[in-house]
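Chemist: Got a file for you: coords.cif, mmCIF, C-alpha atoms.
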data_coords
#
loop_
_atom_site.label_atom_id
_atom_site.label_comp_id
_atom_site.auth_asym_id
_atom_site.auth_seq_id
_atom_site.Cartn_x
_atom_site.Cartn_y
_atom_site.Cartn_z
CA MET A 17 -208.29 17.30 75.22
CA PRO A 18 -211.30 15.63 76.87
CA THR A 19 -213.49 18.28 78.54
CA LYS A 20 -216.45 18.41 80.89
CA ASN A 21 -217.25 21.32 83.20
CA GLY A 22 -213.70 22.65 82.99
CA GLY A 23 -214.47 26.10 84.38
CA SER A 24 -211.82 28.75 84.94
CA LEU A 25 -208.90 26.29 84.87
CA LEU A 26 -209.76 25.37 81.29
CA ASP A 27 -209.50 29.04 80.33
CA ARG A 28 -206.00 29.17 81.86
CA VAL A 29 -205.01 25.98 80.04
CA LEU A 30 -206.09 27.30 76.64
CA THR A 31 -204.50 30.70 77.24
CA SER A 32 -201.19 28.96 77.93
CA VAL A 33 -201.52 26.58 74.98
CA TYR A 34 -202.17 29.42 72.55
CA SER A 35 -199.36 31.51 74.05
CA GLN A 36 -196.67 29.02 73.05
CA LYS A 37 -193.56 30.42 71.42
CA THR A 38 -192.91 27.74 68.84
CA ASP A 39 -192.31 27.24 65.15
CA PHE A 40 -194.43 24.09 65.16
CA THR A 41 -197.89 24.06 63.60
CA TYR A 42 -200.47 22.63 65.99
CA GLU A 43 -204.21 22.40 66.51
CA VAL A 44 -206.36 21.79 69.56
CA VAL A 45 -209.14 19.20 69.44
CA ALA A 46 -211.59 19.16 72.36
CA VAL A 47 -214.02 16.28 72.89
CA ASP A 48 -216.69 17.48 75.32
CA SER A 49 -218.90 14.94 77.05
CA GLY A 50 -221.86 16.97 78.28
CA SER A 51 -220.63 20.14 79.99
CA THR A 52 -223.35 22.04 81.84
CA ASP A 53 -221.27 25.05 82.94
CA ASN A 54 -219.58 27.63 80.70
CA THR A 55 -217.04 25.19 79.23
CA LEU A 56 -218.46 25.35 75.70
CA GLU A 57 -218.41 29.15 75.76
CA ILE A 58 -214.78 29.11 76.89
CA LEU A 59 -213.82 26.68 74.13
CA LYS A 60 -215.48 28.84 71.51
CA ARG A 61 -213.29 31.82 72.46
CA TYR A 62 -210.33 29.94 70.97
CA PRO A 63 -209.72 28.32 67.55
CA VAL A 64 -210.50 24.88 68.96
CA LYS A 65 -211.97 22.03 66.94
CA LEU A 66 -214.89 21.12 69.21
CA ILE A 67 -216.66 17.77 69.09
CA GLN A 68 -219.51 16.93 71.47
CA ILE A 69 -220.44 13.43 72.63
CA PRO A 70 -223.10 12.19 75.10
CA PRO A 71 -221.82 11.68 78.67
CA THR A 72 -222.64 7.97 78.40
CA GLU A 73 -220.08 7.58 75.59
CA PHE A 74 -217.13 8.92 77.59
CA SER A 75 -214.29 6.74 78.78
CA HIS A 76 -210.68 7.72 79.46
CA SER A 77 -209.34 5.39 76.81
CA LYS A 78 -212.07 5.49 74.15
CA THR A 79 -212.50 9.27 74.19
CA ARG A 80 -208.77 9.92 73.82
CA ASN A 81 -208.57 7.42 70.98
CA TYR A 82 -211.51 9.14 69.30
CA GLY A 83 -209.91 12.56 69.70
CA ALA A 84 -206.75 11.31 68.01
CA THR A 85 -208.76 10.19 64.96
CA LEU A 86 -210.11 13.74 64.63
CA ALA A 87 -206.69 15.38 64.67
CA GLY A 88 -204.89 16.49 61.55
CA ALA A 89 -201.49 15.73 63.08
CA SER A 90 -198.66 14.63 60.82
CA LYS A 91 -196.11 13.56 63.44
CA TYR A 92 -197.23 13.80 67.08
CA TYR A 93 -200.31 13.67 69.28
CA VAL A 94 -200.37 15.56 72.58
CA PHE A 95 -202.93 14.55 75.19
CA LEU A 96 -203.67 17.20 77.80
CA ASN A 97 -206.17 17.29 80.68
CA GLN A 98 -208.53 20.24 80.92
CA ASP A 99 -206.99 21.20 84.28
CA ALA A 100 -203.31 20.68 83.40
CA ILE A 101 -201.83 24.14 82.83
CA PRO A 102 -198.58 24.38 80.81
CA THR A 103 -196.12 26.24 83.04
CA ASP A 104 -194.36 28.30 80.37
CA GLU A 105 -194.25 29.36 76.73
CA GLN A 106 -191.73 26.65 75.80
CA TRP A 107 -193.92 23.78 76.99
CA LEU A 108 -194.72 22.46 73.51
CA ASP A 109 -191.14 22.77 72.27
CA ASN A 110 -189.94 20.97 75.38
CA LEU A 111 -192.39 18.12 74.79
CA VAL A 112 -191.03 17.67 71.28
CA TYR A 113 -187.46 18.01 72.57
CA SER A 114 -188.18 15.27 75.12
CA ILE A 115 -189.59 12.70 72.68
CA GLU A 116 -186.76 13.40 70.23
CA PHE A 117 -184.11 13.28 72.99
CA GLU A 118 -183.32 9.63 72.31
CA SER A 119 -183.98 7.47 69.29
CA GLY A 120 -186.88 5.05 69.60
CA LEU A 121 -189.00 6.92 72.16
CA LYS A 122 -192.68 6.39 71.38
CA ALA A 123 -194.21 8.63 74.05
CA VAL A 124 -193.11 10.99 76.83
CA CYS A 125 -195.20 12.49 79.61
CA ALA A 126 -194.59 15.83 81.29
CA THR A 127 -193.97 16.37 84.99
CA GLU A 128 -196.87 17.59 87.11
CA LEU A 129 -196.24 20.37 89.60
CA ASN A 130 -198.29 21.51 92.57
CA GLU A 131 -198.70 25.22 91.88
CA ARG A 132 -199.23 25.97 95.57
CA SER A 133 -195.71 24.87 96.50
CA GLN A 134 -192.50 26.65 95.63
CA VAL A 135 -189.73 24.07 95.58
CA PHE A 136 -190.69 20.51 96.53
CA ASN A 137 -193.79 20.71 94.42
CA VAL A 138 -193.70 17.66 92.15
CA SER A 139 -197.03 15.87 92.22
CA GLY A 140 -198.48 12.84 90.48
CA VAL A 141 -196.48 9.77 89.59
CA ALA A 142 -193.53 11.91 88.47
CA ALA A 143 -192.86 12.46 92.18
CA PHE A 144 -191.36 8.94 92.16
CA LEU A 145 -188.52 10.42 90.10
CA PHE A 146 -188.28 14.18 90.44
CA LYS A 147 -188.49 15.01 94.13
CA SER A 148 -187.90 18.70 93.49
CA SER A 149 -188.88 20.84 90.54
CA LEU A 150 -185.29 22.10 90.54
CA VAL A 151 -184.17 18.69 89.26
CA LYS A 152 -184.43 18.23 85.49
CA GLY A 153 -184.00 15.19 83.34
CA LEU A 154 -185.61 12.48 81.24
CA TYR A 155 -186.39 9.04 82.64
CA ILE A 156 -186.79 6.27 80.07
CA MET A 157 -189.00 3.23 80.55
CA GLU A 158 -186.89 0.72 78.66
CA PRO A 159 -188.11 -2.18 76.52
CA TYR A 160 -188.78 -5.30 78.61
CA LEU A 161 -188.22 -3.31 81.79
CA GLU A 162 -190.00 -5.81 84.06
CA ARG A 163 -188.00 -8.71 82.67
CA THR A 164 -184.72 -6.87 83.22
CA TRP A 165 -185.53 -6.05 86.86
CA SER A 166 -187.66 -9.07 87.75
CA GLU A 167 -185.90 -9.56 91.09
CA LEU A 168 -187.21 -6.25 92.45
CA PRO A 169 -190.25 -6.11 94.74
CA LYS A 170 -193.46 -5.67 92.77
CA TYR A 171 -194.25 -2.28 94.27
CA MET A 172 -190.95 -1.00 92.87
CA ILE A 173 -191.86 -2.37 89.44
CA ARG A 174 -194.95 -0.17 89.51
CA GLN A 175 -192.81 2.85 90.38
CA MET A 176 -190.70 2.19 87.31
CA PHE A 177 -193.64 3.24 85.12
CA PRO A 178 -194.32 6.91 86.02
CA PHE A 179 -196.43 7.59 82.94
CA THR A 180 -199.59 9.68 82.68
CA THR A 181 -201.80 11.24 80.02
CA VAL A 182 -202.37 14.31 82.17
CA CYS A 183 -199.91 15.70 79.64
CA ALA A 184 -198.09 13.46 77.18
CA ILE A 185 -196.76 13.46 73.63
CA PHE A 186 -197.00 10.37 71.42
CA ASP A 187 -195.43 9.36 68.14
CA LYS A 188 -198.45 9.45 65.79
CA GLU A 189 -197.54 6.44 63.67
CA HIS A 190 -196.87 4.29 66.72
CA PHE A 191 -200.02 5.41 68.54
CA ASP A 192 -202.22 4.82 65.50
CA ALA A 193 -201.00 1.22 65.51
CA ASN A 194 -201.10 0.92 69.33
CA PRO A 195 -203.93 3.06 70.77
CA PHE A 196 -205.23 2.89 74.33
CA ASP A 197 -206.93 -0.40 75.22
CA GLU A 198 -210.60 0.57 75.32
CA ARG A 199 -211.36 -2.27 77.72
CA THR A 200 -209.39 -0.30 80.32
CA VAL A 201 -211.80 2.00 82.16
CA TRP A 202 -209.21 3.51 84.52
CA GLY A 203 -205.48 4.06 84.13
CA GLU A 204 -205.28 3.83 80.35
CA ASP A 205 -201.94 5.65 80.55
CA LEU A 206 -200.20 3.22 82.93
CA HIS A 207 -201.73 0.30 81.05
CA TRP A 208 -200.36 1.63 77.77
CA ALA A 209 -196.85 2.33 79.11
CA VAL A 210 -196.50 -1.13 80.67
CA HIS A 211 -197.66 -2.92 77.53
CA ASN A 212 -195.52 -0.64 75.38
CA SER A 213 -192.45 -1.82 77.31
CA ARG A 214 -193.58 -5.43 77.21
CA ALA A 215 -193.83 -5.13 73.42
CA GLY A 216 -190.23 -3.92 73.20
CA TYR A 217 -190.66 -0.14 72.93
CA LYS A 218 -189.51 2.86 74.95
CA SER A 219 -191.49 5.64 76.63
CA GLY A 220 -190.40 8.32 79.06
CA CYS A 221 -191.15 10.88 81.73
CA SER A 222 -189.63 14.34 81.32
CA SER A 223 -189.18 17.25 83.69
CA PHE A 224 -188.23 19.58 80.84
CA ALA A 225 -191.93 19.91 79.95
CA ARG A 226 -194.13 20.68 82.96
CA VAL A 227 -197.74 21.39 83.83
CA TYR A 228 -199.50 22.60 86.96
CA HIS A 229 -201.87 19.86 88.04
CA TYR A 230 -203.12 18.93 91.46
CA HIS A 231 -206.44 17.75 92.93
CA ASP A 232 -208.24 18.15 96.23
CA TYR A 233 -210.37 15.02 96.13
CA THR A 234 -213.24 14.27 98.48
CA ASP A 235 -213.14 11.13 100.62
CA LYS A 236 -215.63 9.50 98.26
CA GLN A 237 -213.50 10.31 95.23
CA MET A 238 -210.41 9.01 97.02
CA ALA A 239 -212.16 5.73 97.77
CA ASP A 240 -213.20 5.39 94.13
CA ILE A 241 -209.63 6.06 92.92
CA THR A 242 -208.27 3.52 95.41
CA SER A 243 -210.65 0.85 94.18
CA LYS A 244 -209.96 1.50 90.50
CA SER A 245 -206.21 1.71 91.04
CA ASN A 246 -206.07 -1.63 92.79
CA VAL A 247 -208.06 -3.27 89.98
CA LEU A 248 -205.44 -1.97 87.55
CA PHE A 249 -202.50 -2.97 89.77
CA ARG A 250 -203.88 -6.51 90.08
CA GLU A 251 -204.27 -6.77 86.32
CA LEU A 252 -200.84 -5.39 85.44
CA PHE A 253 -198.60 -6.51 88.29
CA ASP A 254 -200.60 -9.10 90.24
CA LEU A 255 -200.47 -7.08 93.44
CA GLU A 256 -202.77 -5.11 95.69
CA PHE A 257 -201.98 -2.32 98.15
CA ASN A 258 -203.66 -0.99 101.26
CA ASP A 259 -205.63 2.22 100.74
CA ASP A 260 -202.87 4.72 101.60
CA VAL A 261 -200.27 3.03 99.43
CA ALA A 262 -202.70 2.54 96.54
CA LEU A 263 -203.37 6.28 96.50
CA LEU A 264 -199.66 7.03 96.57
CA MET A 265 -199.02 4.60 93.73
CA SER A 266 -201.85 6.10 91.69
CA GLY A 267 -200.24 9.54 91.96
CA SER A 268 -203.54 11.00 93.12
CA THR A 269 -202.47 12.23 96.52
CA ASP A 270 -199.54 12.88 98.83
CA ALA A 271 -199.89 9.81 101.02
CA LYS A 272 -199.56 10.39 104.75
CA MET A 273 -196.38 8.94 106.18
CA PRO A 274 -196.99 6.14 108.73
CA SER A 275 -196.88 7.55 112.25
CA SER A 276 -194.15 5.12 113.38
CA ILE A 277 -191.77 6.25 110.63
CA GLU A 278 -192.60 9.88 111.24
CA PHE A 279 -191.85 9.39 114.96
CA MET A 280 -188.44 7.83 114.21
CA MET A 281 -187.52 10.66 111.83
CA LYS A 282 -188.39 13.25 114.47
CA LEU A 283 -186.47 11.31 117.10
CA GLN A 284 -183.33 11.19 114.95
CA GLN A 285 -183.35 14.99 114.74
CA SER A 286 -183.79 15.49 118.47
CA PHE A 287 -181.36 16.19 121.33
CA VAL A 288 -182.22 12.80 122.89
CA TRP A 289 -181.02 10.98 119.78
CA LYS A 290 -177.64 12.73 119.94
CA MET A 291 -177.22 11.40 123.48
CA ILE A 292 -178.18 7.78 122.83
CA GLN A 293 -176.68 7.28 119.37
CA PRO A 294 -173.06 6.84 120.64
CA MET A 295 -174.28 3.91 122.76
CA PHE A 296 -175.41 1.84 119.75
CA PRO A 297 -171.97 0.36 118.87
CA VAL A 298 -171.56 -0.84 122.46
CA TYR A 299 -175.07 -2.32 122.46
CA ASN A 300 -174.47 -4.12 119.15
CA TYR A 301 -171.15 -5.49 120.42
CA PHE A 302 -172.70 -7.15 123.50
CA ARG A 303 -175.72 -8.36 121.51
CA LYS A 304 -173.42 -10.05 118.97
CA TYR A 305 -171.52 -12.03 121.58
CA ARG A 306 -174.62 -12.79 123.62
CA ASN A 307 -176.12 -14.58 120.64
#
Just give me the structure of the file as structure tokens.
Modeler:
Amino acid sequence: MPTKNGGSLLDRVLTSVYSQKTDFTYEVVAVDSGSTDNTLEILKRYPVKLIQIPPTEFSHSKTRNYGATLAGASKYYVFLNQDAIPTDEQWLDNLVYSIEFESGLKAVCATELNERSQVFNVSGVAAFLFKSSLVKGLYIMEPYLERTWSELPKYMIRQMFPFTTVCAIFDKEHFDANPFDERTVWGEDLHWAVHNSRAGYKSGCSSFARVYHYHDYTDKQMADITSKSNVLFRELFDLEFNDDVALLMSGSTDAKMPSSIEFMMKLQQSFVWKMIQPMFPVYNYFRKYRN
């Protein structure tokens, strides 16, 4: 778990982690990169292995790789953000269940939920798959996925890789041989999942294991995420989105629906639509013969 100024959410995360009802033996390793609030005090309330590094040494890929080298794990690594709160006491068991669901899975990420919603609360890139938290399942990113579906539009190829290290479990042996690419400064998780598939391995996204995780970013933070996301999308898929779509594809926000589409959806639910819809077959008939 990388930490920096985690605040009260970090306390909730650790309370949930240490409240797991499981027969598995596990440890928590926190790599803190210069917290100036009460994060260190919170960490010391729990039996956490705490390592401190200078802020200048932090990167999403390098710090997670470093944390894995400090762990005494025998079979699995679990990466968890300091603000990703496990939703229940079976979270850890469900992560293990997910990665062991099918032979050959090398990593599986959990589904992120927006705690402020009740039903349609899936957030992050898992929203590409699980539109409602009532829907459960395991989506598998197959080996050579891009090659198999090469005829699809590129934006759909990106959607086929809903993988994140907000919360994810990795096969230890596989990860030790294939860690995050430390040249990747943003999106180490997507980068890893894509290259894992290109190398002939499977990863997945599970809704059996879930965490509460949602951000209210400032406009400046949104602009930074958009820029970094498009750099990653160009590198991986040779494509670039406009700002709204890039944010949607990054899983960092609920993108606003284009006004024209929103207008059509409202129209189709209106009384006016019920009156004009029966006229469409007649219109199409005359248009066909006019052409």
Chemist: So which residues get picked by the PyMOL selection byres ((chain A and resi 191) around 12) here, written as a VMD selection string?
Modeler: chain A and resid 80 to 81 84 to 85 89 91 to 95 121 to 123 184 to 190 192 to 197 208 to 209 212 217 219
Chemist: How many Å lie between CA of Leu161 in chain A and CA of Asp254 in chain A, rounded to one decimal?
Modeler: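 Separation between CA of Leu161 in chain A and CA of Asp254 in chain A: 16.1 Å.
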Chemist: Which residue out of A:Tyr228, A:Lys37, A:Thr31, A:Val182 has the minimum interatomic distance to Glu105 in chain A when all atoms listed in the file are used?
Modeler: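 Nearest candidate to Glu105 in chain A out of A:Tyr228, A:Lys37, A:Thr31, A:Val182: A:Lys37.
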Chemist: Counting only C-alpha atoms, figure out which residue out of A:Arg28, A:His229, A:Arg163, A:Lys20 gets nearest to Leu56 in chain A.
Modeler: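 Using only C-alpha atoms, the shortest distance to Leu56 in chain A belongs to A:Lys20.
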Chemist: Which residue out of A:Glu167, A:Asp53, A:Asp240, A:Glu162 has the minimum interatomic distance to Phe253 in chain A when only C-alpha atoms are used?
Modeler: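 Result for the nearest residue to Phe253 in chain A: A:Glu162.
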Chemist: Figure out the distance between CA of Phe224 in chain A and CA of Lys152 in chain A, please, to one decimal in Å.
Modeler: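 Between CA of Lys152 in chain A and CA of Phe224 in chain A the gap is 6.2 Å.
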